[in-house]
Amino acid sequence: MKKDLYIDFDSTIVNSDKAICAIYNERYKDYEGFKPAEWQKHKNWAYKYICPLIHEHEENPVQVIQDYYGSQDFFDKLEFYDDAKKVIGELTDKYKVIICTSAFPTNASKKVLWIEEHLSEVDEIIILINKSGHGYGKARVPMMESDAIFIDDHPKNLHSTQASQKYLFKFKETDYNGDWDGPVVSSWREIEDLLL
Ligand SMILES: [Mg+2]
């Protein structure tokens, strides 16, 4: 029987930060004090440092970021991390691949359609919609099947489940991914070497 392999979506399979920066750069380019946002410098979950004009000009910056995540523009701009699509395709031969992702009511359906269009080979999609935005990590999905594996870029999510093997996807250092002393992977090449 194939083992269950749970994989997070944003900032694990796809470079969500790059898409957010591209939207910001289009919308704020004519504002005073504008400097192009560079996704490589992303550190803060609310994009405080690289998209500062949102925080300067908007009353509810977090809502604005959520709106970005829910826009068609975001899904049009969304790109895979290097090798992610190829490796996920190979993983489906050996594992039951389950994308397990948090979403907002406004972006959940677009996210599923994007996954269907670009990763139709995955076996299952689990979308967690916590409407308050202050969730339980991914604790609603216990991942208790024997030898279940879970890969996520957020330690809080990894801590919240019972998966027997958990890996932090750490493409870069941020101010929210430090709380983890388990195994780390930093590219899809590494995931390929590890799991295939
Ligand atoms: Mg993520």
# chains A, B, ... in the order shown; residues from 1 in each chain; ligands from 1

$ residues_near_ligand --ligand "ligand 1" --cutoff "7 Å" --atoms "only C-alpha atoms and all ligand atoms" --output "list in words"
Asp8, Phe9, Asp10, Ser11, Thr12, Asp152, Asp153 and His154 of chain A

$ write_last_selection --atoms "C-alpha atoms" --output "PDB file, in the first residue's frame"
ATOM      1  CA  ASP A   8       1.403  22.123   2.041  1.00  0.00           C
ATOM      2  CA  PHE A   9       0.713  24.397  -0.940  1.00  0.00           C
ATOM      3  CA  ASP A  10       1.691  28.079  -0.434  1.00  0.00           C
ATOM      4  CA  SER A  11       5.429  28.670  -0.063  1.00  0.00           C
ATOM      5  CA  THR A  12       6.058  24.910  -0.206  1.00  0.00           C
ATOM      6  CA  ASP A 152       5.135  22.345   5.323  1.00  0.00           C
ATOM      7  CA  ASP A 153       6.982  25.660   5.461  1.00  0.00           C
ATOM      8  CA  HIS A 154       5.378  26.638   8.768  1.00  0.00           C
TER       9      HIS A 154
END

$ residues_around --residues "A:Tyr49" --least-positions-apart "4" --cutoff "12 Å" --atoms "only C-alpha atoms" --output "PDB file with N, CA and C atoms, in the first residue's frame"
ATOM      1  N   CYS A  21       4.554  39.717  -4.374  1.00  0.00           N
ATOM      2  CA  CYS A  21       5.445  40.850  -4.695  1.00  0.00           C
ATOM      3  C   CYS A  21       5.123  41.422  -6.077  1.00  0.00           C
ATOM      4  N   LYS A  35       9.655  51.173  -3.662  1.00  0.00           N
ATOM      5  CA  LYS A  35      10.825  50.369  -4.049  1.00  0.00           C
ATOM      6  C   LYS A  35      10.308  48.984  -4.411  1.00  0.00           C
ATOM      7  N   PRO A  36      10.738  48.437  -5.553  1.00  0.00           N
ATOM      8  CA  PRO A  36      10.197  47.127  -5.940  1.00  0.00           C
ATOM      9  C   PRO A  36      10.403  46.072  -4.841  1.00  0.00           C
ATOM     10  N   ALA A  37       9.345  45.371  -4.535  1.00  0.00           N
ATOM     11  CA  ALA A  37       9.435  44.305  -3.529  1.00  0.00           C
ATOM     12  C   ALA A  37      10.196  43.126  -4.109  1.00  0.00           C
ATOM     13  N   GLU A  38      11.140  42.602  -3.336  1.00  0.00           N
ATOM     14  CA  GLU A  38      11.904  41.427  -3.775  1.00  0.00           C
ATOM     15  C   GLU A  38      11.527  40.242  -2.888  1.00  0.00           C
ATOM     16  N   TRP A  39      10.942  39.224  -3.521  1.00  0.00           N
ATOM     17  CA  TRP A  39      10.446  38.088  -2.729  1.00  0.00           C
ATOM     18  C   TRP A  39      11.572  37.380  -1.979  1.00  0.00           C
ATOM     19  N   GLN A  40      12.802  37.479  -2.516  1.00  0.00           N
ATOM     20  CA  GLN A  40      13.935  36.819  -1.844  1.00  0.00           C
ATOM     21  C   GLN A  40      14.163  37.398  -0.449  1.00  0.00           C
ATOM     22  N   LYS A  41      13.680  38.628  -0.233  1.00  0.00           N
ATOM     23  CA  LYS A  41      13.896  39.281   1.067  1.00  0.00           C
ATOM     24  C   LYS A  41      12.708  39.104   2.009  1.00  0.00           C
ATOM     25  N   HIS A  42      11.721  38.318   1.599  1.00  0.00           N
ATOM     26  CA  HIS A  42      10.527  38.116   2.422  1.00  0.00           C
ATOM     27  C   HIS A  42      10.890  37.478   3.768  1.00  0.00           C
ATOM     28  N   LYS A  43      10.386  38.055   4.850  1.00  0.00           N
ATOM     29  CA  LYS A  43      10.676  37.546   6.183  1.00  0.00           C
ATOM     30  C   LYS A  43       9.445  37.535   7.074  1.00  0.00           C
ATOM     31  N   ASN A  44       8.586  38.533   6.880  1.00  0.00           N
ATOM     32  CA  ASN A  44       7.452  38.731   7.781  1.00  0.00           C
ATOM     33  C   ASN A  44       6.174  38.261   7.100  1.00  0.00           C
ATOM     34  N   TRP A  45       5.322  37.513   7.828  1.00  0.00           N
ATOM     35  CA  TRP A  45       4.162  36.896   7.182  1.00  0.00           C
ATOM     36  C   TRP A  45       3.193  37.943   6.613  1.00  0.00           C
ATOM     37  N   LEU A  53       4.453  49.818   1.688  1.00  0.00           N
ATOM     38  CA  LEU A  53       3.420  50.814   1.351  1.00  0.00           C
ATOM     39  C   LEU A  53       2.015  50.316   1.672  1.00  0.00           C
ATOM     40  N   ILE A  54       1.816  49.003   1.677  1.00  0.00           N
ATOM     41  CA  ILE A  54       0.508  48.467   2.087  1.00  0.00           C
ATOM     42  C   ILE A  54       0.262  48.858   3.542  1.00  0.00           C
ATOM     43  N   HIS A  55       1.320  48.729   4.337  1.00  0.00           N
ATOM     44  CA  HIS A  55       1.184  49.020   5.766  1.00  0.00           C
ATOM     45  C   HIS A  55       1.075  50.517   6.030  1.00  0.00           C
ATOM     46  N   GLU A  56       1.626  51.315   5.115  1.00  0.00           N
ATOM     47  CA  GLU A  56       1.544  52.776   5.264  1.00  0.00           C
ATOM     48  C   GLU A  56       0.187  53.311   4.825  1.00  0.00           C
ATOM     49  N   THR A 174      12.929  32.962   7.657  1.00  0.00           N
ATOM     50  CA  THR A 174      11.930  34.008   7.875  1.00  0.00           C
ATOM     51  C   THR A 174      11.768  34.209   9.387  1.00  0.00           C
ATOM     52  N   ASP A 175      10.940  35.188   9.777  1.00  0.00           N
ATOM     53  CA  ASP A 175      10.790  35.383  11.223  1.00  0.00           C
ATOM     54  C   ASP A 175       9.730  34.451  11.813  1.00  0.00           C
TER      55      ASP A 175
END

$ closest_atom_pairs --of "stretch 53-152 of chain A" --to "stretch 23-26 of chain A" --cutoff "12 Å" --atoms "only C-alpha atoms" --output "CSV"
residue,atom,partner,partner_atom,distance
A:Leu53,CA,A:Tyr24,CA,8.9
A:Ile54,CA,A:Tyr24,CA,8.3
A:His55,CA,A:Tyr24,CA,11.7
A:Val64,CA,A:Tyr24,CA,10.3
A:Ile65,CA,A:Tyr24,CA,9.4
A:Asp67,CA,A:Ile23,CA,10.9
A:Tyr68,CA,A:Ile23,CA,7.4
A:Tyr69,CA,A:Ile23,CA,9.8
A:Gly70,CA,A:Ile23,CA,11.8
A:Ser71,CA,A:Ile23,CA,9.6
A:Gln72,CA,A:Ile23,CA,10.7
A:Asp73,CA,A:Ile23,CA,7.3
A:Phe74,CA,A:Ile23,CA,7.2
A:Phe75,CA,A:Ile23,CA,10.7
A:Asp76,CA,A:Ile23,CA,10.5
A:Lys77,CA,A:Ile23,CA,8.4
A:Leu78,CA,A:Ile23,CA,10.6

$ atom_distance --atom1 "atom CA of A:Thr161" --atom2 "atom CA of A:Ala139"
5.2 Å

$ closest_residue --among "A:Ile13, A:Leu5, A:Ile115, A:Ile50" --to "A:Asp82" --atoms "only C-alpha atoms"
A:Ile13

$ residues_around --residues "A:Lys138" --least-positions-apart "2" --cutoff "10 Å" --atoms "only C-alpha atoms" --output "compact mmCIF listing (two decimals) with C-alpha atoms, in the first residue's frame"
# COMPACT_ATOMS: atom_id res chain seq x y z
CA ASP A 8 1.40 22.12 2.04
CA CYS A 100 -3.21 19.97 2.65
CA THR A 101 -3.59 23.74 2.62
CA SER A 102 -5.24 26.52 4.59
CA ILE A 127 -8.62 22.66 2.21
CA LEU A 128 -8.89 24.04 5.73
CA GLY A 135 -6.62 28.77 13.42
CA TYR A 136 -5.49 25.51 14.84
CA ARG A 140 -8.06 19.22 12.14
CA VAL A 141 -6.11 16.80 9.94
CA PRO A 142 -4.41 14.43 12.38
CA MET A 143 -2.37 12.53 9.72
CA LYS A 156 3.19 25.74 13.66
CA ASN A 157 1.48 23.49 11.12
CA LEU A 158 4.03 20.72 11.56
CA HIS A 159 3.69 20.84 15.35
CA SER A 160 -0.11 20.64 15.08
CA THR A 161 -0.37 17.19 13.46
CA GLN A 162 0.57 13.63 14.40

$ closest_residue --among "A:Lys18, A:Lys170, A:Lys86, A:Lys111" --to "A:Ile151" --atoms "only C-alpha atoms"
A:Lys170

$ select_by_dssp --residues "stretch 49-185 of chain A" --states "strand (DSSP E)" --output "MDAnalysis selection string"
chainID A and resid 95:103 124:129 149:152 165:169 184:185
